[in-house]
$ cat coords02.txt   # compact mmCIF, C-alpha atoms
# COMPACT_ATOMS: atom_id res chain seq x y z
CA MET I 250 127.96 46.62 74.25
CA ALA I 251 126.12 44.83 71.49
CA VAL I 252 122.93 42.84 71.41
CA ASN I 253 123.56 39.13 72.06
CA VAL I 254 121.40 36.61 70.22
CA LEU I 255 120.82 33.39 72.14
CA SER I 256 120.15 30.04 70.55
CA GLN I 257 117.08 28.04 71.50
CA ALA I 258 119.29 25.74 73.55
CA GLY I 259 120.54 28.63 75.69
CA ALA I 260 117.33 30.63 75.92
CA LEU I 261 116.39 29.43 79.40
CA ASN I 262 119.88 29.70 80.88
CA PRO I 263 120.69 32.24 83.63
CA GLY I 264 122.07 35.63 82.69
CA SER I 265 119.24 38.19 82.77
CA ASP I 266 116.98 39.33 85.60
CA LEU I 267 114.08 40.48 83.42
CA TRP I 268 112.62 38.33 80.64
CA VAL I 269 110.08 39.91 78.29
CA VAL I 270 107.68 37.87 76.13
CA PRO I 271 104.64 38.65 73.98
CA GLN I 272 101.22 37.40 75.11
CA LEU I 273 100.09 33.79 74.78
CA GLY I 274 99.40 32.74 71.21
CA LYS I 275 102.00 35.12 69.78
CA SER I 276 105.13 33.14 70.63
CA GLN I 277 106.05 29.54 71.35
CA TRP I 278 108.35 30.79 74.11
CA THR I 279 105.45 32.26 76.05
CA SER I 280 103.77 28.85 76.13
CA LYS I 281 106.98 27.15 77.26
CA LEU I 282 107.56 29.68 80.01
CA ASP I 283 103.93 29.39 81.10
CA TRP I 284 104.53 25.72 81.88
CA TYR I 285 107.47 26.63 84.13
CA LEU I 286 105.37 29.38 85.74
CA ASN I 287 102.65 26.86 86.69
CA PHE I 288 100.28 28.20 84.01
CA GLN I 289 99.95 31.63 85.63
CA LEU I 290 99.83 33.28 82.20
CA CYS I 291 97.02 31.03 80.99
CA LYS I 292 95.04 31.54 84.19
CA SER I 293 95.44 35.31 84.12
CA SER I 294 94.33 35.52 80.48
CA ARG I 295 91.01 33.94 81.49
CA HIS I 296 90.51 36.07 84.61
CA THR I 297 87.99 38.89 84.62
CA SER I 298 87.96 41.38 87.46
CA ALA I 299 84.74 41.96 89.32
CA ASN I 300 82.96 45.24 88.65
CA VAL I 301 82.41 47.65 91.51
CA PRO I 302 78.70 47.80 92.32
CA GLY I 303 76.92 51.00 91.33
CA PHE I 304 75.76 51.49 94.91
CA LEU I 305 79.36 51.66 96.12
CA ASN I 306 80.22 54.23 93.46
CA ASP I 307 77.26 56.35 94.63
CA VAL I 308 78.40 56.15 98.26
CA ILE I 309 81.97 57.13 97.33
CA LYS I 310 80.71 60.07 95.30
CA GLU I 311 78.32 61.30 98.01
CA THR I 312 80.90 61.02 100.78
CA GLU I 313 83.53 62.72 98.57
CA LEU I 314 86.05 59.96 99.19
CA ASN I 315 88.80 59.20 96.73
CA LYS I 316 88.30 56.10 94.65
CA PHE I 317 90.49 53.36 96.06
CA TYR I 318 90.49 51.14 92.99
CA ARG I 319 91.71 51.47 89.45
CA PRO I 320 90.65 49.07 86.74
CA VAL I 321 93.56 47.45 84.92
CA ALA I 322 93.74 48.04 81.18
CA ALA I 323 93.48 44.89 79.06
CA ALA I 324 96.66 45.80 77.17
CA ALA I 325 98.72 46.48 80.32
CA PRO I 326 101.94 44.49 80.81
CA MET I 327 101.77 41.69 83.37
CA MET I 328 104.69 40.89 85.64
CA ILE I 329 105.30 37.60 87.42
CA ALA I 330 107.95 37.11 90.10
CA SER I 331 109.74 34.00 88.90
CA GLU I 332 112.97 33.67 90.85
CA THR I 333 111.87 30.38 92.45
CA LEU I 334 110.69 28.93 89.12
CA LEU I 335 113.17 30.18 86.50
CA PRO I 336 116.77 31.48 86.55
CA ASN I 337 115.65 35.13 86.61
CA LYS I 338 113.71 37.56 88.83
CA TRP I 339 110.77 38.57 86.64
CA VAL I 340 108.88 37.55 83.54
CA VAL I 341 106.89 40.35 81.94
CA VAL I 342 104.25 39.80 79.29
CA VAL I 343 104.06 42.86 77.03
CA PRO I 344 101.18 42.55 74.54
CA TRP I 345 102.38 42.40 70.94
CA ASN I 346 100.42 44.65 68.57
CA ASP I 347 102.19 43.96 65.24
CA ASN I 348 104.32 47.10 65.61
CA VAL I 349 107.88 46.61 66.81
CA GLY I 350 108.26 50.33 67.62
CA THR I 351 105.38 50.52 70.10
CA TRP I 352 106.33 47.12 71.55
CA ALA I 353 109.90 48.33 72.14
CA GLU I 354 108.53 51.50 73.78
CA SER I 355 106.36 49.44 76.15
CA ILE I 356 109.32 47.24 77.04
CA PHE I 357 111.46 50.32 77.63
CA ARG I 358 108.88 51.77 80.08
CA VAL I 359 108.79 48.52 82.09
CA TRP I 360 112.58 48.16 82.02
CA SER I 361 113.11 51.78 83.13
CA GLY I 362 110.55 51.43 85.91
CA LEU I 363 112.53 48.50 87.31
CA GLN I 364 115.79 50.54 87.38
CA GLN I 365 117.15 48.93 84.20
CA PRO I 366 117.92 45.33 85.20
CA THR I 367 119.67 42.94 82.84
CA LEU I 368 117.27 42.18 80.01
CA ARG I 369 116.33 39.23 77.78
CA ILE I 370 113.70 39.70 75.07
CA PHE I 371 111.87 36.80 73.42
CA LEU I 372 110.88 38.21 70.03
CA PRO I 373 107.59 37.29 68.34
CA PRO I 374 107.72 35.15 65.17
CA GLY I 375 108.88 36.97 62.06
CA GLN I 376 110.70 39.72 63.94
CA SER I 377 114.40 40.25 63.46
CA THR I 378 117.02 41.35 65.92
CA GLY I 379 117.91 44.30 63.68
CA SER I 380 114.37 45.71 63.54
CA PHE I 381 114.00 45.49 67.31
CA GLN I 382 117.42 47.02 67.84
CA GLN I 383 116.53 50.00 65.62
CA ALA I 384 113.29 50.53 67.55
CA TRP I 385 115.12 50.24 70.89
CA VAL I 386 117.78 52.81 69.99
CA LYS I 387 115.04 55.45 69.62
CA HIS I 388 114.44 55.16 73.37
CA HIS I 389 117.83 54.38 74.86
CA SER I 390 121.41 54.08 73.67
CA ASN I 391 122.09 51.08 75.95
CA GLN I 392 122.09 47.97 73.79
CA ASP I 393 123.35 45.55 76.43
CA PHE I 394 120.61 42.90 76.33
CA THR I 395 119.98 39.46 74.92
CA VAL I 396 117.44 38.42 72.31
CA VAL I 397 115.87 35.04 71.64
CA LEU I 398 114.31 34.48 68.22
CA ASP I 399 111.09 32.49 67.86

$ encode --input "coords02.txt" --output "structure tokens"
Amino acid sequence: MAVNVLSQAGALNPGSDLWVVPQLGKSQWTSKLDWYLNFQLCKSSRHTSANVPGFLNDVIKETELNKFYRPVAAAAPMMIASETLLPNKWVVVVPWNDNVGTWAESIFRVWSGLQQPTLRIFLPPGQSTGSFQQAWVKHHSNQDFTVVLD
């Protein structure tokens, strides 16, 4: 099937389980969705994880235990369960880095990890459906998803 382009009026209608947006400040859609998600995106962008004390690292090393924590990378995608707030199951924020090819690859990894649910992508400003579609085809031949332009 082909890529479907949704109008702004139909962007928040049901039809896809997974919605992908760039980070806050890169798209007006991210800000709109953040309001519906009770500002979870804004809150998470300000959150800093606590560092593990050096003493605890020393104890873990001396006792030869496996580390039970992994710091989260700053550029890692963030997923929010949104089925009670929006007409979908998940909203995933994939950081936009001004390269549609690497952004499409990151989206593909998230989409594949979720067993390829129905997909809606909110493109950053200035990006075209055609450029994203060309980047997507490099990873998967399935082009059955919807796109919303900014």

$ closest_residue --input "coords02.txt" --among "I:Ala353, I:Ala260, I:Leu314, I:Ala330" --to "Lys387 in chain I" --atoms "all atoms listed in the file"
I:Ala353

$ closest_atom_pairs --input "coords02.txt" --of "range 267-385 of chain I" --to "range 389-396 of chain I" --cutoff "6 Å" --atoms "only C-alpha atoms" --output "tab-separated table"
residue	atom	partner	partner_atom	distance
I:Leu368	CA	I:Phe394	CA	5.0
I:Arg369	CA	I:Thr395	CA	4.6
I:Ile370	CA	I:Val396	CA	4.8
I:Phe371	CA	I:Val396	CA	5.9

$ write_last_selection --input "coords02.txt" --atoms "C-alpha atoms" --output "PDB file, keeping the file's coordinate frame"
ATOM      1  CA  LEU I 368     117.270  42.180  80.010  1.00  0.00           C
ATOM      2  CA  ARG I 369     116.330  39.230  77.780  1.00  0.00           C
ATOM      3  CA  ILE I 370     113.700  39.700  75.070  1.00  0.00           C
ATOM      4  CA  PHE I 371     111.870  36.800  73.420  1.00  0.00           C
TER       5      PHE I 371
END

$ atom_distance --input "coords02.txt" --atom1 "CA of Trp339 in chain I" --atom2 "CA of Trp268 in chain I"
6.3 Å

$ residues_around --input "coords02.txt" --residues "Val343 in chain I" --least-positions-apart "6" --cutoff "8 Å" --atoms "all atoms listed in the file" --output "ChimeraX atom specification"
/I:269-272,324-327,352,355-356

$ closest_residue --input "coords02.txt" --among "I:Leu334, I:Val342, I:Ala258, I:Ala251" --to "Ser293 in chain I" --atoms "all atoms listed in the file"
I:Val342

$ atom_distance --input "coords02.txt" --atom1 "CA of Asn253 in chain I" --atom2 "CA of Gly379 in chain I"
11.4 Å

$ closest_residue --input "coords02.txt" --among "I:Thr378, I:Leu335, I:Gly259, I:Asn348" --to "Leu282 in chain I" --atoms "all atoms listed in the file"
I:Leu335

$ closest_residue --input "coords02.txt" --among "I:Ser265, I:Gly303, I:Ser294, I:Val252" --to "Gln365 in chain I" --atoms "all atoms listed in the file"
I:Ser265

$ closest_residue --input "coords02.txt" --among "I:Gln383, I:Ala299, I:Asn337, I:Asn315" --to "Asn262 in chain I" --atoms "only C-alpha atoms"
I:Asn337

$ atom_distance --input "coords02.txt" --atom1 "CA of Trp284 in chain I" --atom2 "CA of Thr297 in chain I"
21.3 Å
